[in-house]
Every structure is written in structure tokens, then in C-alpha cells.
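Following: one structure in C-alpha cells, then a few remarks.
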Amino acid sequence: MAEMSAMNRKLIQNLAETLSKQVKHFNKTEAECLIRLFNGLLGDQSDRRVGNGLDRGKFRNILHNTFGMTDDMIMDRVFRAFDKDNDSYVSVKEWIEGLSIFLRGTLDEKIKYCFDVYDLNGDGYISREEMFHMLKNSLIRQPTEEDPDEGIKDLVEITLKKMDHDHDSRLSYADFEKAVRDENLLLEAFGTCLPDAKSILEFEQHAFQDTLEH
Amino acid sequence: MGVALTRAAQWTTASSGTGKLEITPVNESLLKEILEFVEQFSSRHPQEAKHVFKEPLQWTTSLEASDFKTEYDISGPTVKSQETDRDGHPMLQLTPPSISVHSFSQLSKIVQLATDKKLKEVRACLEANRDPVAKMLGPSFATVEGEDSSVLRLLEEVKEGDQAKETEIKVKLIILLQQLDTQLLSSSLKQISQEVRLSPAAVKNDVELLKSFCSEGETRVLTSVQYTSDYEFTNGCRTPPWRQVHGEICYLVIKPCDTQPLHITCSTLEIDYDVYRDLVTLLKSKSPHFAENINKQDFAVQEEPPTQKVQHVELVDAEEQGQPQRSYEHQEKNVHEKARQQLVQNKPGGKKKLEPSLKWKNLGLASPYEPSPYYGKNSSNKQRETTVHRYFKTFGGADDFSESSSESEEDEEQPERRTESNTDLPSEYWQIQKLVKYLKGGNQTATVIALCSMRDFNLAQETCQLAIRDVGGLEVLINLLDTEEIKCKIGSLKILKEISRNSQIRRAIADLGGLQTMVKILDSPDKDLKYLAAETIANVAKFRRARRTVRQHGGIKRLVKLLDCVPDSAALTEEQEKDVEVARCGALALWSCSKSTRNKEAIRKAGGIPLLARLLKSPHENMLIPVVGTLQECASERSYRIAIQMEGMIEDLVKNLNCDNHELQMHCASAIFKCAEDKRTRDLVRQCEGLQPLVTLLSQADNKQLLAATTGAIWKCSISMENVAKFQDYKALETLVGLLTDQPEEVLVNVVGALGEGAQKPANRATIRKCGGIQPLVNLLTGTNQALLVNVTKAVGACATELENMTIIDRLDGVRLLWSLLKNPNPDVQASAAWAICPCIENAKDSGEMVRSFVGGLELIVNLLKSTNKEVLASVCAAIAKIAKDEENLAVITDHGVVPMLAKLTNTTDDKLRRHLAEAIARCCMWGSNRVLFGEAGAVAPLVRYLKSKDTSVHQATAQALFQLSKDPNNCITMHDNGVVKLLLGMMGSTDEVLQEAAAGCVANIRRLALANEKARYG
């Protein structure tokens, strides 16, 4: 058993070494911590489908419990953004790459990430319909209004007016990037998809300090 | 359901405990929904329904034993359910009239049993159990305003995990209850929003209804109901369009039978007037007659309904509930109903559909004024008056005026004004109103979008600023600052920062408690938040009350803390740059705050001075301006002036005089101006080579503020003669003379002050003359600015010491002007004028004749000896000494009683006054029997004591006076008795020849008297 865990440790260290070279924002120790955390989260998923990684449910739990996200659709999209190879599992590599942006990304990285999250169908544009879809729960419905969606539609128009610089009624990556650079607040224009400073701090503390102690 | 019950449900008494649920449409539908939920609960969620409540729900029921059937043990009036909990207690227990229930399954059953009394039971249950969730699940699930951590608590319980099964049920139960809660909230919101949005049609209906009350003879409750305007716009409003923006629909004048007419505004928005939920409530509170009769009306309607429809509805109500208090409510509702059905027939009138409660506001004007006052501007003004009145009332704090009165107050409290003149509504109004709506009703995402969009308006424009305020945007923006959402806070501050440039907005922000919140934000770890909050505080704290608020809430300490950063390395990281920005905004805020004296002290106590000194080394102008601005503001305090000198800030101030930013240069010069009162500071300025840049700055004659600061600095620096010499090298006086004309007074004061100091040097006096400075100086003697007059008289006096100058002054009749300034009420001016008169008399040709030519001049100056100001007395004595040189004039002033007046002053201890007084006495002895008179007036003995003074200039004048006085034998005796000989003997050894001679002369006179005496005695 001891031999096993020694081997395991060796494996983890090697993996951490490789990953920390590929990922910008974590050093080797941090990568190692994150791998351990990942393994911990996989936990007794002991049916040995190793390599698959975290499934959607588990990942969403983390988003919800650790990072305080609530919007189902956005959480799904975040999962998709992490799951780069689209195999419905977040592998350890995807986990670390994703967290690198999630926790410590530069503005550029975050713009790219958020755009990916918001581009629901992945066609490189955030369309009116996609905006509507993402914003539809953002207002308290006023049943007095004839069209309860009117407010949402209006919000979409406001957003387009503000962000659609080439006036093609949809947001290209360039539009989005320019708008966010002009006004950083628009980074998460269509829903919270990044953790706030407080949960980042808590997570890092938990991941990098508590894990080390174990 | 807890939240819905506390928030949405309308309780009769606000306090918890045994409140009653008001019979209102909102509550009605709430109850119905709860009822439906309970009814279906046991069939939908059988497992959860069995969960035993932590505490039973107990209430007073109308059910009786007979209502219960199978599954219950009935014994007499009491009933027990057969269903029990684990310990065997029955789940339901009825001991009429009280009932207690332990589970949802039983609740469901009761509801089914109660058949037509269902609603009543639910109502009774809820009234008795204000927070049913807490009872069902335990007190830790009680509804707490603002936070909902019940799920978290459950999770904790799950973790403990011992009673997994039960907890699981509990989780489900709470989720179900929360779903219900949300459902209830959203449906009641529907109704609340209907209430908020009042339509013109609804107003019309109500007015029609009330009009019908006016017509009936005996039962009449109102005299008349009238609109103030007959014109109805297409949208149904009757107010002018610029009031429609504020949500006002129409104005009414209602004459009740018993009280004075009421003027009422019907509005969709609630503003802080007396607001009534509907017109009938308003009338009931205002008119006792109405209140009394409307109830009669009620019964009348019930008995013989005037219309078919009312009867129909009323009957339904009468069946359902019979309490008189309610019947009023329903009466009202029914009439609404009637009116609505008549007027809005296209809408299918739901029987129990709610009528929007109108927001009626009463302007509180009990007395009648102009019959139809609500038209156009006139109306707005009327209302504005009441607003202004209230506005003032709100901030009459007890210690409102505790601040020092000397502080500059550029932004005094002023009554609110709105631009009422432009009648066409800017489209921004509507757009901003819409955005504010999204701010109110949006989640974080929608809020951020709305905030960003709002920033696209031209927030520097007053229309937009006031629009945000008028549609209630300020409240929302300030509320956002209290949330946890950093992005919303940032967005909100970015807007507040811009619009707080408007003084009305500043006041509104302060009134809404925005400063307190922003001060708290200064502690935030987020740097963006910090600097935005500081910058907004900088804008808001432009008036005294705001500055005090900042201080009283610990803002100064926090702002000073912001200054702590590393400013002066060339390459800054992104984070360091943000630190610098935070410090800059902190300095901006301190600058605004530092206009209050107590804040200056608070900044010093918080350790702000060394931090400011460090920031003063910054290379960035935008940092330096607020830092130097704060310093120059604080330099009015001595402690700061010392600190500025000690911390070596003079060097930095001088360095920045050389920059090319006028504002910064101005603040630097102004700081030097204030600090250079101190000699060491003046020397430092010279040593740091600050004098030349000051002279160079004089060329910026177009920028008056800069010019005022620069000339001020030059003036104060000129107090040191070394500096005057430097200025002479830089040819400063030539430039200054050029600035004597066409300048604002604050510049003139300083220019003339500088010339006055410069003219202490003979060479400069000639320079002033050669540059043509005498004439403008003399012209300035006719001014009224007292600070200026003090300086001008000084400068003219200094110039008059030169004979050539005096000729010019004489020609311009300058002495007469100086003399007339003796009449100025300000003692500083009096003294300064009297000083200036001295060299004039000395140097003018035929000065005796000149002085005599001033009608009443001599009497005037003698009378100034009654002044209590030492400086005035000294200067007048000096002038009298000069005047008395002319014998004729001496005779005149003697007639005016100069001798006893001078004698009266002799007891002074002020050396300056002593010296000039002794001079005057010496001169005045020259006429008639004045010597004797001085002796009789008791002037001799005090004069002897002057010889013991440490001031040698006093000795000379005193010795001369004594010499003159000693020509009278009695005076010699007095002197001798006061021990003058020993003192004079010492003086005779002085190096000052005048003193020697006078002392010797005096001793000789005494000696001579003694000898004569001996001779007489011993022959």
C-alpha cells in the first residue's frame, strides 16, 4: 500500500512538473496541489474510469458550492469551456488549464474565456438570440407589461448598442474584446462566469495550504 | 413563505406578535395560494407531509368536533387524531377553540374538512403563527431579513448525517416551502407593481366616483371635486408635460363639507409628502365629516343600492364577511369596480380583480390659496416651495454650525432649484427612467449592463444628472454601494463620481447617507473601489455638512491611509500604478475635506503630513495638484506651516514652481504665501532659489488666481531684506508697479504689500517713482478694501520718506487722502494711515500749513488717542510728535486737550507705545504751560520708569521728554523722588549722543534746581 502511494506521489509530481510548464499561472507545487485536489474530488468514483475526470454534475457542484455560481445555463457553459476536448469530462489537464484562467487569468485570457462561455453555439458570434437566452432571467418580470419579455429585449438592444461596434447585430470576438477593454465591467456582461475575489482567495487558501498539510 | 409573509403580506400592525392580516386583495390572493398549496400537499408529497413539525402550529379555530370524521378520536368537544408521532403523541389535537397540528398531512385534512371555512382557517393559522416555517423546522429556520442560509444549515445537518433519512425529508420540505415562497412573492409583486403604477384611467374613475358623492343631498359627504385643469392630454393626464415626467397625473381640489379645501396631487411616484394609498383614506383622515358619512354611505348602499352592479357585488361581499370595517374596504372596491366596468368595458372585469391602490399625495396645504394655482410654472413653484421647506428641515442638526466660521465655504447650502423653464422633455429623461427600472429590478448582470449604459449618457450635463435624481436613481445607486457585488459597486461609483459634480446631487447624496457608505468602502481590499469612492467623496465633500460627515464617520483616517504608497520609482507595475491612483484620489478627497479647520487637525493627527510630504516628491502633476492643494489649504494652521518647513517641503514646493502647470504653480505659490510668514521659511525659499521663479511667474498676468498667489508669495518673502535685495536683482519691483492698475483686489493687495516691503530700501523707493508707481498707489488710497488700504498706506508711507516722492504725493493731495483714512472704522487702517502720515509731515514742504488746511484734521487725530488699540495709539503719538513740531499746530492740539490725553496713556507697558508717547510728550512740552500740565496730570513718575525698559529706543525718547519736563521745578522734584538721577547717570554713559545729551541736560536741570534751593536756604 505504501509502495502504491509512493508511486502515486511520484506520478503526481511528474504530472505536476509537466503541467506547470504548460500552464502559465501555476508553479509546480501549486499544480501538484491542484492535482491532489482533483484526485480528491474524483474521490470514490472508483469504477476506475480513470482518465475521464470530473463529470458535469460533479463539476457543477464545485462551481456552485465553491464559487457560488447559481445560473444553470452559465454553469453548463463553464463546464464546456473547461472541457476543451468535448468528451463531457474535465480531465486533470483541462482542470488545471481552466483554473489557471479562472483564478489567475489576465484580462486577455478572461475576455477569451468569457466570450467562449457566452457564444452558446460556438459559431464565433454572440447573437441576439443567445443574449436573450442568457439574460432572460436577469429581470424581475413585470406582469403589468404587455410583453413580459420587453425588458429583456430592451436589455439586449442596450447591450448591442454598447458593444456591437460593427453594427451587424451580433457580437464578434473583436466587438466583445473592444467593449471589455473600454469598460472592464462588461467582461461578464451576460452572466457571472468567473469567481469573485473572495471565493478565489478561499479556494486558493484551501487548495494550496490545506492540501499541503495533508 | 416566510419572506412573502413578512414582506408582501399586509399586516394591520407593523410589529410582530398578534397582528391581523388586513383584508386586502394582496392578502386574499396570498391566502388562496397558500391554501391551494396546503390542500394538495399530502397528495403530492406524501412522505414530506408526514414530517413532524418541531413545534405544533396552534391557533383558534372555528372547527368543532362534529366537523371531524374517521381517523379521529372524538370525545365530547375534544378531538385527537389517530395518527401519532413516534412517541405516540397525536398529530392533531382540538380543545375548542384551540387547535394544534404537527404535520402537513393533518393540515391538508383540516383544510379539506373545513370546506367553506377554509380561508378563514388559513388566515387564523397564519395570524397566530407569524413565522410558520420556524415552527415547522425549528427556530434556526426563522425568516431573517436579508439572508437566507437555511439551505446551508441543512447542509451542515446533512454533514452530521446521523438522521440521514429525516434530514432528507426536511431538505425536501424546505425546498418546497421556498418554492412556495418564491411563487407567493412573484404573484404579490404583480399586485404591488399594479399598485405602484397608477394609470390616468384609474384616477379618472375615482374622481367620477367621488363626484357622485357630491351630488346627493342629505347623505352628501363632499362639497365638490374638481380638476384644476380642464384640458386632458391624449395620455389622460391633466398636468403640464414637465410635471408628467415626475409621474404626476393630475391635481385635484376637493372641498369637504367640514374642512378647508384640499389640494391633492395624483402621482405614480411616491415622494416624501404625506402619501395616501387611496383617495378615500386621504379624505377620511382629512375630513371627519367624510369619514363619518362614508360609512353611512356604506350602509345606505347596502340597503338600497343605487345601481344594479353595486348591489350584485355587495351581496357577494355581505355573504362573505360582515365586519363593518371591511365593508368600507369593499364598498370602495366595489365602486371602483363599478366605475371600471362602466368606463373600461373592453377589459373583462374579473369579479375579485384588484383595483390598483392609488398613490395620492396631499401637499399638506390646509389653507386655500389662489383658486386655480396649478397651471404651468406657477404650480411648480408652489410645490417647490414646500419641497424646499422640507429640505431645510431635514438637516437642522444640533451641531450644524460647530465648525469654524473662518473656513472658506465656496459651496454654501442653497435651496434646491430645478430647471423648470424648458418645457420640452429631453428624451434622456425617459431613457434614464427605464435604466433605473432595470437597476431596481435586475440581477447583477442586468444591473451592470444598465449601469454601463447609463454611463453612456452625458453625465456632465445637468439634465442627465437631475434626471437620475428625479427618477429615484440616486437611491438605487447608493443602495448598490451597500451590496456585496463589487461590479455593481464599481459601476455605481463611476456614475456617482460624475454626477456629484453637480451641487444639488452632492446634497442629495449626502442626504441619502451615501457618504457613510463610501467611507466604509475605503476599507475595501479592491483598489478600484477605493479610488472611486475617494474620488466621489472628493466631489461630494464640497460643503461643510458633508465634510463633517466624512470626519465623524472616520473618513479622514481612512483617506490618510490611502496616501501610503510608493510614488517615485520610474517603472511601476500595474498594481503599483493602481496604488498611486488610490493615493491620488485619497489626496483629492483630503483636499476637499481640508477646507474645514477640524479636518485639518484630523489629517494631522492621522499622520497625514509625512505621507503628503512623500507624495510631494511624485513626478506626476495630477498627483501633485491635490497634494499641494491640501497642503496650501492646511497651511492656514501654524502646526502645518512648521511641519512644511521641518519636513523639507519648501524645497519641493519651489521645485514645482518651475513646472508648466498653472494650477500646480498656483497652489505652490499659495502654500509659500501662507508659510512665508515665518522667517526661516523665507530664508529657505531664497536658499532653494525660489525667488526667481516667482518673479518669472509674474508674467502670467492673465491667470488672476495664479497672479494672486505669486504676488502673495513675493509679498511675504519680501519681509526679509535679503529677499528684497534678490528681488531687486530680478527687477521684480518694475513688474509689480506695472500690476498696480486693472487688477482684481486680491492681486492688488499682494502687489501693494510687496511694494510696501520693497520700499523699505531707499533704492527701491526711487525705482517705484521712476516706474511711475506713486500715482497709482495714491489713487488706491480712495479704495474701500481694508486689507488693501492697510497695505497701500504702508507703501505710500514708505515712499514718502524720499523727498522727491513726497513732492509727487503732495501734488496728488495724498496726505489729505491719508488723513481721511483716519476716519476709517478699521483700527488697522487707522494705525497704518497714521504711520504713513509721519514721514509725510516730516518731508512735505510747509507741512504745518498743509496740516492746518485739513479742516478738523487736528481734532480728529487727537481724538484717536481715545482708541484702545495699542498700534493706533502708538502711530497717533508718532504723528502728534511730528505735528507738534509746528508751533501753531501745537497750540491747536493743546487746545484740543492733547496734554491730559497723553498723560493718561503714560502708564502703558508697551514699549512701542512708550517710545512714541515719550516723543509726543517731549514735543508737546514746547508750548505754554504744557510742562506744568504734564506734571500735574501725573505723567512724570511713569516716564521715569520707562528708563528701566529693555528697549533702548524707548530710553532716547524718554530722556528727551524728561529733559523737557525738567525745565519745571516741580517735575524735577517728582523725578528726583522717583530715583531718576541714578538711571540718567547710567544713560549718560551711552554711545547714543542724543540720549547722552538729553540725559545730561535733565540731570543738569535737577542739579541746578538743587543748587538754587541750597542757595535760597543757606543764602
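Ordered as shown in the C-alpha cells, chains take letters A, B, and onward, while each chain numbers its residues from 1 and ligands are numbered from 1 in the order shown.
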
Could you write out as a VMD selection string the residues of chain B within 8 Å of chain A, counting only C-alpha atoms?
chain B and resid 190 193 to 194 438 441 to 446 448 to 450 452 to 453 487 491

All heavy atoms of the current selection, written as a compact mmCIF listing (two decimals), in the first residue's frame:
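Output below, filename selection_32.txt:
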# COMPACT_ATOMS: atom_id res chain seq x y z
N LYS B 190 -46.78 41.13 -8.64
CA LYS B 190 -47.70 41.54 -9.69
C LYS B 190 -48.61 42.64 -9.18
O LYS B 190 -48.82 43.65 -9.81
CB LYS B 190 -48.58 40.35 -10.07
CG LYS B 190 -48.17 39.63 -11.33
CD LYS B 190 -49.20 38.55 -11.64
CE LYS B 190 -48.51 37.22 -11.81
NZ LYS B 190 -49.43 36.10 -11.93
N SER B 193 -46.85 45.84 -8.08
CA SER B 193 -46.46 46.67 -9.21
C SER B 193 -47.68 47.36 -9.80
O SER B 193 -47.61 48.47 -10.29
CB SER B 193 -45.74 45.85 -10.26
OG SER B 193 -46.58 44.83 -10.70
N GLN B 194 -48.80 46.67 -9.72
CA GLN B 194 -50.01 47.34 -10.20
C GLN B 194 -50.32 48.55 -9.33
O GLN B 194 -50.78 49.56 -9.81
CB GLN B 194 -51.19 46.38 -10.15
CG GLN B 194 -51.29 45.55 -11.41
CD GLN B 194 -52.38 44.53 -11.28
OE1 GLN B 194 -52.78 44.15 -10.18
NE2 GLN B 194 -52.87 44.07 -12.41
N TYR B 438 -34.45 49.06 -14.60
CA TYR B 438 -33.66 47.82 -14.70
C TYR B 438 -32.71 47.68 -13.52
O TYR B 438 -32.44 46.57 -13.06
CB TYR B 438 -32.86 47.78 -16.01
CG TYR B 438 -33.73 47.77 -17.24
CD1 TYR B 438 -33.30 48.34 -18.43
CD2 TYR B 438 -35.01 47.20 -17.21
CE1 TYR B 438 -34.11 48.34 -19.55
CE2 TYR B 438 -35.81 47.21 -18.33
CZ TYR B 438 -35.37 47.78 -19.50
OH TYR B 438 -36.17 47.78 -20.59
N GLY B 441 -34.89 46.34 -10.77
CA GLY B 441 -35.47 45.00 -10.90
C GLY B 441 -34.55 43.99 -11.56
O GLY B 441 -35.02 42.95 -12.01
N GLY B 442 -33.28 44.29 -11.63
CA GLY B 442 -32.41 43.37 -12.33
C GLY B 442 -31.48 42.63 -11.41
O GLY B 442 -31.24 43.07 -10.30
N ASN B 443 -30.97 41.50 -11.86
CA ASN B 443 -29.94 40.82 -11.09
C ASN B 443 -28.60 41.49 -11.39
O ASN B 443 -28.56 42.52 -12.05
CB ASN B 443 -29.91 39.33 -11.40
CG ASN B 443 -29.45 39.06 -12.82
OD1 ASN B 443 -29.15 39.98 -13.57
ND2 ASN B 443 -29.41 37.80 -13.18
N GLN B 444 -27.54 40.90 -10.91
CA GLN B 444 -26.25 41.55 -11.07
C GLN B 444 -25.94 41.85 -12.53
O GLN B 444 -25.47 42.93 -12.88
CB GLN B 444 -25.16 40.65 -10.47
CG GLN B 444 -23.84 41.38 -10.35
CD GLN B 444 -22.69 40.42 -10.15
OE1 GLN B 444 -22.90 39.22 -10.06
NE2 GLN B 444 -21.50 40.94 -10.08
N THR B 445 -26.21 40.87 -13.39
CA THR B 445 -25.87 41.05 -14.80
C THR B 445 -26.63 42.21 -15.40
O THR B 445 -26.04 43.09 -16.03
CB THR B 445 -26.20 39.75 -15.56
OG1 THR B 445 -25.60 38.67 -14.87
CG2 THR B 445 -25.70 39.82 -16.97
N ALA B 446 -27.94 42.22 -15.19
CA ALA B 446 -28.74 43.30 -15.77
C ALA B 446 -28.33 44.63 -15.17
O ALA B 446 -28.28 45.65 -15.87
CB ALA B 446 -30.22 43.04 -15.49
N VAL B 448 -25.37 45.53 -14.09
CA VAL B 448 -24.12 46.00 -14.68
C VAL B 448 -24.37 46.56 -16.07
O VAL B 448 -23.85 47.63 -16.43
CB VAL B 448 -23.08 44.86 -14.72
CG1 VAL B 448 -21.90 45.25 -15.58
CG2 VAL B 448 -22.62 44.53 -13.32
N ILE B 449 -25.21 45.89 -16.84
CA ILE B 449 -25.49 46.40 -18.19
C ILE B 449 -26.15 47.77 -18.10
O ILE B 449 -25.77 48.71 -18.80
CB ILE B 449 -26.41 45.41 -18.96
CG1 ILE B 449 -25.64 44.12 -19.24
CG2 ILE B 449 -26.88 46.04 -20.26
CD1 ILE B 449 -26.47 43.05 -19.89
N ALA B 450 -27.13 47.88 -17.21
CA ALA B 450 -27.83 49.16 -17.08
C ALA B 450 -26.87 50.25 -16.63
O ALA B 450 -26.92 51.39 -17.11
CB ALA B 450 -28.98 49.04 -16.09
N CYS B 452 -23.59 50.39 -17.12
CA CYS B 452 -22.69 50.75 -18.22
C CYS B 452 -23.42 51.62 -19.22
O CYS B 452 -22.86 52.56 -19.77
CB CYS B 452 -22.17 49.50 -18.92
SG CYS B 452 -21.05 48.58 -17.90
N SER B 453 -24.68 51.28 -19.47
CA SER B 453 -25.44 52.05 -20.44
C SER B 453 -25.70 53.46 -19.92
O SER B 453 -25.64 54.43 -20.68
CB SER B 453 -26.75 51.33 -20.72
OG SER B 453 -27.57 52.14 -21.48
N LYS B 487 -18.85 44.51 -8.79
CA LYS B 487 -19.02 45.14 -10.10
C LYS B 487 -20.13 46.19 -10.06
O LYS B 487 -20.03 47.24 -10.69
CB LYS B 487 -19.31 44.08 -11.16
CG LYS B 487 -18.01 43.58 -11.76
CD LYS B 487 -18.26 42.62 -12.87
CE LYS B 487 -18.76 41.33 -12.31
NZ LYS B 487 -18.87 40.28 -13.31
N GLY B 491 -19.60 50.11 -10.84
CA GLY B 491 -20.42 50.79 -11.83
C GLY B 491 -21.17 51.96 -11.22
O GLY B 491 -21.23 53.05 -11.80

Residues near Gly857 of chain B, cut-off 12 Å, only C-alpha atoms, skip fewer than 4 positions along chain, as a PyMOL selection string
chain B and resi 815-823+834+837+848+850-853+861-864+879-880+883+889+892-893+896

Can you write just those residues out, N, CA, C and O atoms, as a compact mmCIF listing (two decimals), in the first residue's frame?
# COMPACT_ATOMS: atom_id res chain seq x y z
N VAL B 815 -1.65 113.32 1.13
CA VAL B 815 -1.69 113.41 2.59
C VAL B 815 -3.14 113.58 3.04
O VAL B 815 -3.57 112.99 4.02
N ARG B 816 -3.88 114.39 2.29
CA ARG B 816 -5.29 114.56 2.65
C ARG B 816 -6.01 113.21 2.61
O ARG B 816 -6.80 112.87 3.50
N LEU B 817 -5.70 112.42 1.57
CA LEU B 817 -6.33 111.10 1.47
C LEU B 817 -5.95 110.23 2.66
O LEU B 817 -6.79 109.55 3.25
N LEU B 818 -4.67 110.29 3.02
CA LEU B 818 -4.22 109.50 4.17
C LEU B 818 -4.96 109.95 5.43
O LEU B 818 -5.42 109.14 6.22
N TRP B 819 -5.03 111.26 5.54
CA TRP B 819 -5.65 111.82 6.74
C TRP B 819 -7.12 111.37 6.84
O TRP B 819 -7.60 111.00 7.91
N SER B 820 -7.79 111.35 5.72
CA SER B 820 -9.21 110.97 5.78
C SER B 820 -9.36 109.49 6.14
O SER B 820 -10.40 109.07 6.65
N LEU B 821 -8.30 108.72 5.90
CA LEU B 821 -8.39 107.30 6.29
C LEU B 821 -8.36 107.12 7.81
O LEU B 821 -8.67 106.05 8.32
N LEU B 822 -7.97 108.18 8.52
CA LEU B 822 -8.02 108.09 9.99
C LEU B 822 -9.46 107.90 10.45
O LEU B 822 -9.71 107.44 11.56
N LYS B 823 -10.40 108.26 9.56
CA LYS B 823 -11.81 108.11 9.91
C LYS B 823 -12.31 106.69 9.64
O LYS B 823 -13.42 106.34 10.04
N ALA B 834 -1.97 106.56 10.08
CA ALA B 834 -1.25 107.47 10.96
C ALA B 834 0.26 107.30 10.81
O ALA B 834 1.01 108.29 10.77
N ILE B 837 1.34 109.01 7.75
CA ILE B 837 1.29 110.47 7.85
C ILE B 837 2.61 111.04 8.38
O ILE B 837 3.08 112.09 7.94
N GLY B 848 3.37 122.37 8.13
CA GLY B 848 2.47 122.96 9.14
C GLY B 848 1.25 123.56 8.49
O GLY B 848 0.12 123.28 8.89
N MET B 850 0.11 122.84 5.58
CA MET B 850 -0.67 121.77 4.95
C MET B 850 -1.61 121.13 5.98
O MET B 850 -2.81 120.96 5.73
N VAL B 851 -1.06 120.83 7.15
CA VAL B 851 -1.85 120.16 8.17
C VAL B 851 -3.00 121.04 8.62
O VAL B 851 -4.13 120.58 8.76
N ARG B 852 -2.72 122.31 8.79
CA ARG B 852 -3.77 123.23 9.20
C ARG B 852 -4.88 123.31 8.18
O ARG B 852 -6.03 123.57 8.51
N SER B 853 -4.51 123.08 6.93
CA SER B 853 -5.53 123.22 5.88
C SER B 853 -6.57 122.09 5.92
O SER B 853 -7.62 122.19 5.30
N ILE B 861 -7.26 113.72 14.81
CA ILE B 861 -6.14 112.87 15.20
C ILE B 861 -5.97 112.84 16.71
O ILE B 861 -5.66 111.80 17.30
N VAL B 862 -6.24 113.97 17.35
CA VAL B 862 -6.13 113.98 18.82
C VAL B 862 -7.16 113.03 19.42
O VAL B 862 -6.87 112.28 20.36
N ASN B 863 -8.34 113.03 18.84
CA ASN B 863 -9.39 112.17 19.37
C ASN B 863 -9.06 110.68 19.23
O ASN B 863 -9.59 109.85 19.96
N LEU B 864 -8.18 110.37 18.28
CA LEU B 864 -7.80 108.96 18.13
C LEU B 864 -7.01 108.47 19.35
O LEU B 864 -6.84 107.27 19.53
N ALA B 879 2.56 110.49 15.09
CA ALA B 879 2.11 111.56 14.22
C ALA B 879 2.03 112.88 14.98
O ALA B 879 2.43 113.94 14.47
N ILE B 880 1.55 112.82 16.22
CA ILE B 880 1.43 114.04 17.03
C ILE B 880 2.81 114.65 17.27
O ILE B 880 3.01 115.87 17.20
N ILE B 883 3.50 116.49 14.21
CA ILE B 883 2.64 117.67 14.08
C ILE B 883 3.11 118.79 15.01
O ILE B 883 3.16 119.96 14.64
N ASN B 889 0.38 124.61 15.16
CA ASN B 889 -0.39 123.36 15.27
C ASN B 889 -0.35 122.83 16.69
O ASN B 889 -1.34 122.30 17.20
N VAL B 892 -2.88 124.45 18.61
CA VAL B 892 -4.23 123.93 18.31
C VAL B 892 -4.48 122.62 19.03
O VAL B 892 -5.50 122.43 19.69
N ILE B 893 -3.52 121.71 18.93
CA ILE B 893 -3.79 120.41 19.57
C ILE B 893 -3.80 120.54 21.09
O ILE B 893 -4.48 119.79 21.77
N HIS B 896 -7.10 121.29 21.92
CA HIS B 896 -7.96 120.09 21.81
C HIS B 896 -7.72 119.12 22.96
O HIS B 896 -8.26 118.03 22.96

Which neighbours of Glu97 of chain A fall inside 12 Å, counting only C-alpha atoms, when residues of the same chain fewer than 5 positions from it are skipped, and could you give them as a ChimeraX atom specification?
/A:16,19-26,31,34-35,81-84,90-92,102-105,109,113

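Picture a line from atom CA of Leu777 of chain B to atom CA of Ser699 of chain B; it runs 20.6 Å.
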
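Interatomic distance, atom CA of Asp164 of chain A against atom CA of Phe115 of chain A: 13.6 Å.
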
Residues within 7 Å of Arg170 of chain A, please, as a count of residues only. Count only C-alpha atoms; anything in the same chain fewer than 6 positions from it doesn't count.
5

Name the residues in contact with Leu905 of chain B at a cut-off of 10 Å, using only C-alpha atoms, excluding same-chain residues fewer than 5 positions from it; report them as a PyMOL selection string.
chain B and resi 865-866+873+900+913-914+917+939+942

Quick one: DSSP helix (DSSP H, G or I) residues in segment 431-508 of chain B, as a PyMOL selection string?
chain B and resi 431-441+444-455+462-470+473-481+486-499+503-508

Mind checking DSSP for chain A and telling me the strand (DSSP E or B) residues as a ChimeraX atom specification?
/A:54-55,89-90,125-127,139,170-172

Hey, can you spit out that residue selection with N, CA and C atoms as an mmCIF file, in the first residue's frame?
data_model
loop_
_atom_site.group_PDB
_atom_site.id
_atom_site.type_symbol
_atom_site.label_atom_id
_atom_site.label_comp_id
_atom_site.auth_asym_id
_atom_site.auth_seq_id
_atom_site.Cartn_x
_atom_site.Cartn_y
_atom_site.Cartn_z
ATOM 1 N N LEU A 54 -13.682 14.662 -14.108
ATOM 2 C CA LEU A 54 -14.899 15.116 -13.450
ATOM 3 C C LEU A 54 -16.055 15.168 -14.437
ATOM 4 N N ASP A 55 -17.181 14.619 -14.031
ATOM 5 C CA ASP A 55 -18.330 14.732 -14.928
ATOM 6 C C ASP A 55 -19.063 16.048 -14.655
ATOM 7 N N TYR A 89 -16.127 15.221 -19.907
ATOM 8 C CA TYR A 89 -15.398 15.090 -18.634
ATOM 9 C C TYR A 89 -14.296 16.133 -18.602
ATOM 10 N N VAL A 90 -14.053 16.688 -17.416
ATOM 11 C CA VAL A 90 -12.918 17.597 -17.277
ATOM 12 C C VAL A 90 -11.736 16.780 -16.787
ATOM 13 N N TYR A 125 -19.829 34.005 -32.762
ATOM 14 C CA TYR A 125 -20.589 35.242 -32.552
ATOM 15 C C TYR A 125 -21.559 35.054 -31.404
ATOM 16 N N ILE A 126 -21.783 36.119 -30.654
ATOM 17 C CA ILE A 126 -22.873 36.092 -29.680
ATOM 18 C C ILE A 126 -24.054 36.768 -30.356
ATOM 19 N N SER A 127 -25.050 35.987 -30.672
ATOM 20 C CA SER A 127 -26.171 36.532 -31.437
ATOM 21 C C SER A 127 -27.200 37.138 -30.497
ATOM 22 N N LEU A 139 -34.123 39.929 -15.111
ATOM 23 C CA LEU A 139 -35.007 40.981 -14.599
ATOM 24 C C LEU A 139 -36.183 40.340 -13.891
ATOM 25 N N ARG A 170 -24.791 41.468 -33.990
ATOM 26 C CA ARG A 170 -24.258 40.363 -33.203
ATOM 27 C C ARG A 170 -22.866 40.761 -32.737
ATOM 28 N N LEU A 171 -22.377 40.074 -31.715
ATOM 29 C CA LEU A 171 -21.072 40.439 -31.191
ATOM 30 C C LEU A 171 -20.017 39.468 -31.691
ATOM 31 N N SER A 172 -19.089 39.996 -32.432
ATOM 32 C CA SER A 172 -17.949 39.171 -32.800
ATOM 33 C C SER A 172 -16.961 39.215 -31.637
#

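Between Arg80 of chain A and the residues A:Ile101, A:Asn121, A:Asn61, A:Glu30, the shortest atom-to-atom distance, using only C-alpha atoms, involves A:Asn121.
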